[in-house]
Amino acid sequence: MVSAGNNDGLAKKDRRDAAREKARQDREAERKRQRRNRYFWQGGIGLAVIAIAAIVVLVVVNAPKPAALSKSTAGPQNMISDGILLTGANLNAVPTAGIPANGKPVPTDQSKYPSTVNITTYVDYQCPACQAFEQTNSAQIQQWVSSGLATVEIHPIAILDNSSQGNMYSTRAGNAAACVANYDPKDYYAVNTAFYANQPAEGTNGATDKQILAVLKGAGVSSANITKCVTTQQFVSWETAATNRVLAGPLPNSSIAKLDHTPTVVVGGKEYTGSITDAAAFATFVQQAGTGKGK
């Protein structure tokens with residue numbers, strides 16, 4: 001005979017299992033949606049779609065481009081790893097050189113941070129799931145980094161350009177983030193948060209350069225260098241190269257063969273596969289990754 005207490009325990013276990021299964025299904029649905037988007041953009045799902053994609057590409061190719069558009073793949077300063085590493089009380093960027101033109105990134109040496117949990121995120125600023133993860137976990141990540149318990153390394157990539165009707169918002173937002181890393185790195189985390197607070201809806205025209213600059217200004221970033229960097233798309237070629245690198249893989253400081261969805265979150269070398277909207281679950285994962293550190 002099963003006691004009432006045992007029934008309660010079984011019910012909690014069932015709810016826990018159901019929640020985990022729901023999180024797994026949500027992650028799989030998001031992966032499939034992003035794969036469909038990439039295949040659609042690349043013309044990988046049939047001749048009819050190829051024809052449509054060709055028309056879209058033709059429109060984008062023939063659209064007016066900024067006169068000073070940079071073709072160099074050189075990366076922004078403070079992003080030698082293709083990401084920006086933030087540490088300390090003010091979430092300051094660890095200063096680095098930029099990747100030289102046609103050069104390769106240098107992965108972060110996480111052994112230099114033996115007392116902290118290293119959190120690495122791969123995000124697309126057009127990605128609703130990235131927005132959900134950010135809005136759920138941003139405050140606690142900021143607290144962990146500020147208190148010296150963690151570092152956070154953010155890799156802006158662009159896999160959802162097709163969601164902004166030819167506006168290429170993912171790539172242009174990634175370029176703007178790189179501009180901030182290069183010219184005003186102390187405000188990168190504030191800008192990261194602002195991009196999600198002002199994320200355009202999928203299937204719309206995204207945001208214009210003027211609107212992107214307004215988002216940056218709202219986060220405290222405004223200068224002639226930033227304006228020129230955004231409007232001339234200074235780091236667009238780098239953003240494309242960085243995206244291609246993670247899609248080809250592998251992802252450094254992890255066992256992940258290649259990126260196939262966003263957000264991809266790596267903590268202490270292990271991918272977080274729990275709910276992106278459960279702050280407590282993510283905190284537990286981070287705590288487990290940090291067990292034994294700092295001793």
# chains A, B, ... in the order shown; residues from 1 in each chain; ligands from 1
call {"tool": "closest_atom_pairs", "arguments": {"of": "range 109-199 of chain A", "to": "range 281-284 of chain A", "cutoff": "9 Å", "atoms": "only C-alpha atoms", "output": "tab-separated table"}}
result
residue	atom	partner	partner_atom	distance
A:Asn137	CA	A:Phe282	CA	7.8
A:Gln140	CA	A:Ala283	CA	8.1
A:Ile141	CA	A:Ala283	CA	8.9
call {"tool": "write_last_selection", "arguments": {"atoms": "C-alpha atoms", "output": "compact mmCIF listing (two decimals), in the first residue's frame"}}
result
# COMPACT_ATOMS: atom_id res chain seq x y z
CA ASN A 137 18.66 35.48 -16.59
CA GLN A 140 21.44 37.20 -12.05
CA ILE A 141 24.27 36.88 -14.59
call {"tool": "closest_atom_pairs", "arguments": {"of": "range 231-281 of chain A", "to": "range 94-99 of chain A", "cutoff": "12 Å", "atoms": "only C-alpha atoms", "output": "tab-separated table"}}
result
residue	atom	partner	partner_atom	distance
A:Phe235	CA	A:Gly98	CA	10.9
A:Ser237	CA	A:Ile99	CA	12.0
A:Trp238	CA	A:Ile99	CA	8.8
A:Glu239	CA	A:Ile99	CA	11.5
A:Ala241	CA	A:Ile99	CA	11.0
A:Ala242	CA	A:Ile99	CA	10.4
call {"tool": "select_by_dssp", "arguments": {"residues": "range 114-256 of chain A", "states": "strand (DSSP E)", "output": "list in words"}}
result
Val117, Asn118, Ile119, Thr120, Thr121, Tyr122, Val123, Ala150, Thr151, Val152, Glu153, Ile154, His155 and Pro156 of chain A
call {"tool": "write_last_selection", "arguments": {"atoms": "N, CA and C atoms", "output": "short mmCIF file (atom, residue, chain, number, x, y, z; two decimals), in the first residue's frame"}}
result
data_model
loop_
_atom_site.label_atom_id
_atom_site.label_comp_id
_atom_site.auth_asym_id
_atom_site.auth_seq_id
_atom_site.Cartn_x
_atom_site.Cartn_y
_atom_site.Cartn_z
N VAL A 117 33.11 30.88 -12.55
CA VAL A 117 32.37 30.05 -13.50
C VAL A 117 32.33 30.81 -14.82
N ASN A 118 32.73 30.15 -15.88
CA ASN A 118 32.79 30.81 -17.19
C ASN A 118 31.51 30.52 -17.98
N ILE A 119 30.72 31.57 -18.20
CA ILE A 119 29.46 31.46 -18.95
C ILE A 119 29.70 32.03 -20.34
N THR A 120 29.41 31.24 -21.37
CA THR A 120 29.58 31.69 -22.75
C THR A 120 28.25 31.56 -23.47
N THR A 121 27.83 32.63 -24.14
CA THR A 121 26.57 32.60 -24.86
C THR A 121 26.80 32.91 -26.34
N TYR A 122 26.09 32.18 -27.19
CA TYR A 122 26.06 32.44 -28.64
C TYR A 122 24.64 32.88 -28.96
N VAL A 123 24.49 34.14 -29.40
CA VAL A 123 23.16 34.72 -29.51
C VAL A 123 22.99 35.45 -30.83
N ALA A 150 31.55 34.84 -11.52
CA ALA A 150 31.47 34.35 -12.89
C ALA A 150 32.08 35.35 -13.86
N THR A 151 32.36 34.88 -15.06
CA THR A 151 32.62 35.74 -16.21
C THR A 151 31.54 35.42 -17.24
N VAL A 152 31.28 36.35 -18.15
CA VAL A 152 30.34 36.06 -19.23
C VAL A 152 30.99 36.49 -20.54
N GLU A 153 30.96 35.60 -21.52
CA GLU A 153 31.52 35.87 -22.84
C GLU A 153 30.39 35.78 -23.86
N ILE A 154 30.13 36.87 -24.56
CA ILE A 154 29.00 36.97 -25.47
C ILE A 154 29.48 36.95 -26.91
N HIS A 155 28.95 36.03 -27.70
CA HIS A 155 29.27 35.92 -29.12
C HIS A 155 28.03 36.30 -29.93
N PRO A 156 28.00 37.49 -30.53
CA PRO A 156 26.87 37.86 -31.38
C PRO A 156 27.03 37.24 -32.77
#
call {"tool": "residues_around", "arguments": {"residues": "Arg172 in chain A", "least_positions_apart": "4", "cutoff": "10 Å", "atoms": "only C-alpha atoms", "output": "PyMOL selection string"}}
result
chain A and resi 125+158+161+167-168+176-178+206-209+212+230-231+233-236+239
call {"tool": "write_last_selection", "arguments": {"atoms": "C-alpha atoms", "output": "compact mmCIF listing (two decimals), in the first residue's frame"}}
result
# COMPACT_ATOMS: atom_id res chain seq x y z
CA TYR A 125 19.76 39.67 -31.60
CA ALA A 158 23.66 36.16 -37.39
CA ASP A 161 18.61 37.50 -41.41
CA ASN A 167 16.83 44.13 -43.98
CA MET A 168 19.52 41.72 -42.65
CA ALA A 176 26.51 47.38 -34.18
CA ALA A 177 27.43 45.22 -31.18
CA ALA A 178 30.93 44.85 -32.62
CA GLY A 206 13.76 44.85 -38.59
CA ALA A 207 15.29 48.19 -37.62
CA THR A 208 16.92 50.97 -39.60
CA ASP A 209 20.40 52.29 -38.83
CA ILE A 212 19.74 50.95 -34.05
CA VAL A 230 27.09 51.43 -37.80
CA THR A 231 26.22 53.29 -41.00
CA GLN A 233 28.78 48.51 -41.61
CA GLN A 234 32.41 48.40 -40.56
CA PHE A 235 32.31 44.90 -39.09
CA VAL A 236 29.68 43.20 -41.28
CA GLU A 239 30.19 39.20 -38.38
call {"tool": "residues_around", "arguments": {"residues": "Pro252 in chain A", "least_positions_apart": "4", "cutoff": "12 Å", "atoms": "only C-alpha atoms", "output": "list of chain:residue names"}}
result
A:Ser81, A:Asp82, A:Gly83, A:Pro105, A:Val106, A:Pro107, A:Thr108, A:Asp109, A:Gln110, A:Thr120, A:Thr121, A:Tyr122, A:Glu153, A:His155, A:Arg245, A:Val246, A:Ala248, A:Ile256, A:Ala257, A:Lys258, A:Leu259, A:Val266, A:Gly268, A:Gly269, A:Lys270, A:Glu271
call {"tool": "write_last_selection", "arguments": {"atoms": "C-alpha atoms", "output": "compact mmCIF listing (two decimals), in the first residue's frame"}}
result
# COMPACT_ATOMS: atom_id res chain seq x y z
CA SER A 81 37.83 35.16 -29.56
CA ASP A 82 34.90 36.29 -31.77
CA GLY A 83 33.21 37.12 -28.47
CA PRO A 105 40.09 33.92 -33.56
CA VAL A 106 42.02 33.04 -30.44
CA PRO A 107 39.84 31.16 -27.93
CA THR A 108 39.68 32.58 -24.43
CA ASP A 109 42.12 30.90 -22.05
CA GLN A 110 39.67 30.09 -19.29
CA THR A 120 29.58 31.69 -22.75
CA THR A 121 26.57 32.60 -24.86
CA TYR A 122 26.06 32.44 -28.64
CA GLU A 153 31.52 35.87 -22.84
CA HIS A 155 29.27 35.92 -29.12
CA ARG A 245 33.00 29.73 -37.98
CA VAL A 246 30.52 28.65 -35.31
CA ALA A 248 31.21 24.92 -39.05
CA ILE A 256 29.95 21.03 -28.95
CA ALA A 257 30.72 20.01 -32.54
CA LYS A 258 29.01 23.03 -34.11
CA LEU A 259 26.30 25.55 -33.42
CA VAL A 266 27.93 26.95 -22.26
CA GLY A 268 32.07 25.57 -17.39
CA GLY A 269 32.44 23.75 -20.70
CA LYS A 270 29.00 22.11 -20.57
CA GLU A 271 25.95 23.12 -22.60
call {"tool": "select_by_dssp", "arguments": {"residues": "range 114-255 of chain A", "states": "alpha helix (DSSP H)", "output": "ChimeraX atom specification"}}
result
/A:128-146,169-183,188-197,209-218,224-231,236-248
call {"tool": "residues_around", "arguments": {"residues": "Val180 in chain A", "least_positions_apart": "3", "cutoff": "9 Å", "atoms": "only C-alpha atoms", "output": "list in words"}}
result
Pro76, Asn175, Ala176, Ala177, Tyr183, Asp184, Pro185, Lys186, Asp187, Tyr188, Val191, Leu216, Val221 and Ile226 of chain A
call {"tool": "write_last_selection", "arguments": {"atoms": "N, CA and C atoms", "output": "compact mmCIF listing (two decimals), in the first residue's frame"}}
result
# COMPACT_ATOMS: atom_id res chain seq x y z
N PRO A 76 36.63 43.47 -34.50
CA PRO A 76 36.73 44.59 -33.56
C PRO A 76 37.72 44.29 -32.44
N ASN A 175 26.83 43.68 -36.21
CA ASN A 175 27.82 44.69 -36.56
C ASN A 175 27.81 45.83 -35.53
N ALA A 176 26.62 46.29 -35.16
CA ALA A 176 26.51 47.38 -34.18
C ALA A 176 27.10 46.96 -32.83
N ALA A 177 26.85 45.71 -32.43
CA ALA A 177 27.43 45.22 -31.18
C ALA A 177 28.95 45.22 -31.27
N TYR A 183 34.61 50.47 -29.83
CA TYR A 183 34.73 51.88 -29.48
C TYR A 183 34.25 52.23 -28.06
N ASP A 184 33.40 51.42 -27.47
CA ASP A 184 32.85 51.74 -26.14
C ASP A 184 32.58 50.45 -25.36
N PRO A 185 33.61 49.62 -25.15
CA PRO A 185 33.39 48.29 -24.57
C PRO A 185 32.83 48.29 -23.16
N LYS A 186 33.03 49.39 -22.41
CA LYS A 186 32.54 49.42 -21.03
C LYS A 186 31.01 49.37 -20.97
N ASP A 187 30.35 49.69 -22.08
CA ASP A 187 28.88 49.70 -22.09
C ASP A 187 28.29 48.52 -22.86
N TYR A 188 29.12 47.51 -23.12
CA TYR A 188 28.63 46.42 -23.96
C TYR A 188 27.44 45.70 -23.33
N VAL A 191 24.25 47.58 -23.71
CA VAL A 191 23.77 47.51 -25.09
C VAL A 191 23.16 46.15 -25.39
N LEU A 216 21.31 52.21 -29.16
CA LEU A 216 22.63 52.36 -28.55
C LEU A 216 22.67 53.61 -27.66
N VAL A 221 25.47 54.83 -25.29
CA VAL A 221 26.55 54.79 -26.30
C VAL A 221 26.19 55.71 -27.45
N ILE A 226 30.93 55.64 -33.37
CA ILE A 226 29.87 54.63 -33.35
C ILE A 226 28.93 54.84 -34.54
call {"tool": "closest_residue", "arguments": {"among": "A:Ala280, A:Val267, A:Cys179, A:Ala201", "to": "Gln131 in chain A", "atoms": "only C-alpha atoms"}}
result
A:Ala201
call {"tool": "residues_around", "arguments": {"residues": "Thr116 in chain A", "least_positions_apart": "6", "cutoff": "12 Å", "atoms": "only C-alpha atoms", "output": "list of chain:residue names"}}
result
A:Leu86, A:Thr87, A:Gly88, A:Gln110, A:Trp144, A:Val145, A:Ser146, A:Ser147, A:Gly148, A:Leu149, A:Ala150, A:Thr151, A:Val152, A:Val267, A:Gly268, A:Val286, A:Gln287, A:Ala289, A:Gly290, A:Thr291, A:Gly292, A:Lys293, A:Gly294, A:Lys295
call {"tool": "write_last_selection", "arguments": {"atoms": "C-alpha atoms", "output": "PDB file, in the first residue's frame"}}
result
ATOM      1  CA  LEU A  86      33.169  40.661 -19.426  1.00  0.00           C
ATOM      2  CA  THR A  87      34.442  40.511 -15.853  1.00  0.00           C
ATOM      3  CA  GLY A  88      34.435  42.363 -12.555  1.00  0.00           C
ATOM      4  CA  GLN A 110      39.665  30.089 -19.289  1.00  0.00           C
ATOM      5  CA  TRP A 144      27.375  36.849 -10.515  1.00  0.00           C
ATOM      6  CA  VAL A 145      29.884  38.673 -12.693  1.00  0.00           C
ATOM      7  CA  SER A 146      29.816  41.823 -10.553  1.00  0.00           C
ATOM      8  CA  SER A 147      30.489  39.810  -7.414  1.00  0.00           C
ATOM      9  CA  GLY A 148      33.403  37.929  -8.972  1.00  0.00           C
ATOM     10  CA  LEU A 149      31.641  34.556  -9.099  1.00  0.00           C
ATOM     11  CA  ALA A 150      31.472  34.348 -12.891  1.00  0.00           C
ATOM     12  CA  THR A 151      32.615  35.739 -16.207  1.00  0.00           C
ATOM     13  CA  VAL A 152      30.345  36.062 -19.230  1.00  0.00           C
ATOM     14  CA  VAL A 267      28.765  26.963 -18.551  1.00  0.00           C
ATOM     15  CA  GLY A 268      32.075  25.574 -17.389  1.00  0.00           C
ATOM     16  CA  VAL A 286      25.725  27.459 -12.808  1.00  0.00           C
ATOM     17  CA  GLN A 287      26.104  26.568  -9.125  1.00  0.00           C
ATOM     18  CA  ALA A 289      29.466  24.101 -12.540  1.00  0.00           C
ATOM     19  CA  GLY A 290      31.097  26.251  -9.875  1.00  0.00           C
ATOM     20  CA  THR A 291      31.297  23.591  -7.184  1.00  0.00           C
ATOM     21  CA  GLY A 292      34.847  23.458  -5.923  1.00  0.00           C
ATOM     22  CA  LYS A 293      35.983  26.668  -7.600  1.00  0.00           C
ATOM     23  CA  GLY A 294      37.734  29.321  -5.571  1.00  0.00           C
ATOM     24  CA  LYS A 295      38.938  26.821  -2.970  1.00  0.00           C
TER      25      LYS A 295
END
call {"tool": "closest_atom_pairs", "arguments": {"of": "range 94-179 of chain A", "to": "range 273-277 of chain A", "cutoff": "10 Å", "atoms": "only C-alpha atoms", "output": "Markdown table"}}
result
| residue | atom | partner | partner_atom | distance |
| --- | --- | --- | --- | --- |
| A:Ala129 | CA | A:Ile276 | CA | 7.5 |
| A:Cys130 | CA | A:Ile276 | CA | 8.3 |
| A:Gln131 | CA | A:Ile276 | CA | 9.6 |
| A:Ala132 | CA | A:Thr277 | CA | 6.3 |
| A:Phe133 | CA | A:Ile276 | CA | 4.9 |
| A:Glu134 | CA | A:Ile276 | CA | 8.5 |
| A:Gln135 | CA | A:Thr277 | CA | 8.3 |
| A:Thr136 | CA | A:Thr277 | CA | 5.6 |
| A:Asn137 | CA | A:Thr277 | CA | 7.9 |
call {"tool": "decode", "arguments": {"residues": "range 250-263 of chain A", "atoms": "N, CA and C atoms", "output": "short mmCIF file (atom, residue, chain, number, x, y, z; two decimals), in the first residue's frame"}}
result
data_model
loop_
_atom_site.label_atom_id
_atom_site.label_comp_id
_atom_site.auth_asym_id
_atom_site.auth_seq_id
_atom_site.Cartn_x
_atom_site.Cartn_y
_atom_site.Cartn_z
N PRO A 250 34.41 23.40 -34.46
CA PRO A 250 33.74 23.21 -33.17
C PRO A 250 33.71 24.50 -32.34
N LEU A 251 32.90 24.48 -31.27
CA LEU A 251 32.86 25.62 -30.37
C LEU A 251 33.95 25.45 -29.33
N PRO A 252 34.85 26.43 -29.18
CA PRO A 252 35.97 26.28 -28.24
C PRO A 252 35.51 26.20 -26.80
N ASN A 253 36.35 25.61 -25.98
CA ASN A 253 36.08 25.46 -24.54
C ASN A 253 34.78 24.71 -24.28
N SER A 254 34.47 23.75 -25.17
CA SER A 254 33.29 22.91 -25.00
C SER A 254 33.47 21.66 -25.84
N SER A 255 32.52 20.74 -25.72
CA SER A 255 32.53 19.54 -26.55
C SER A 255 31.50 19.64 -27.68
N ILE A 256 30.98 20.84 -27.95
CA ILE A 256 29.95 21.03 -28.95
C ILE A 256 30.58 21.05 -30.34
N ALA A 257 30.11 20.16 -31.21
CA ALA A 257 30.72 20.01 -32.54
C ALA A 257 30.51 21.25 -33.40
N LYS A 258 29.30 21.82 -33.35
CA LYS A 258 29.01 23.03 -34.11
C LYS A 258 27.71 23.62 -33.59
N LEU A 259 27.51 24.89 -33.89
CA LEU A 259 26.30 25.55 -33.42
C LEU A 259 25.13 25.22 -34.34
N ASP A 260 23.99 24.82 -33.74
CA ASP A 260 22.80 24.55 -34.56
C ASP A 260 21.55 25.23 -34.01
N HIS A 261 21.70 26.06 -32.99
CA HIS A 261 20.55 26.82 -32.49
C HIS A 261 21.05 27.96 -31.60
N THR A 262 20.20 28.94 -31.43
CA THR A 262 20.47 30.02 -30.49
C THR A 262 19.28 30.15 -29.54
N PRO A 263 19.50 30.51 -28.28
CA PRO A 263 20.83 30.68 -27.72
C PRO A 263 21.50 29.34 -27.44
#
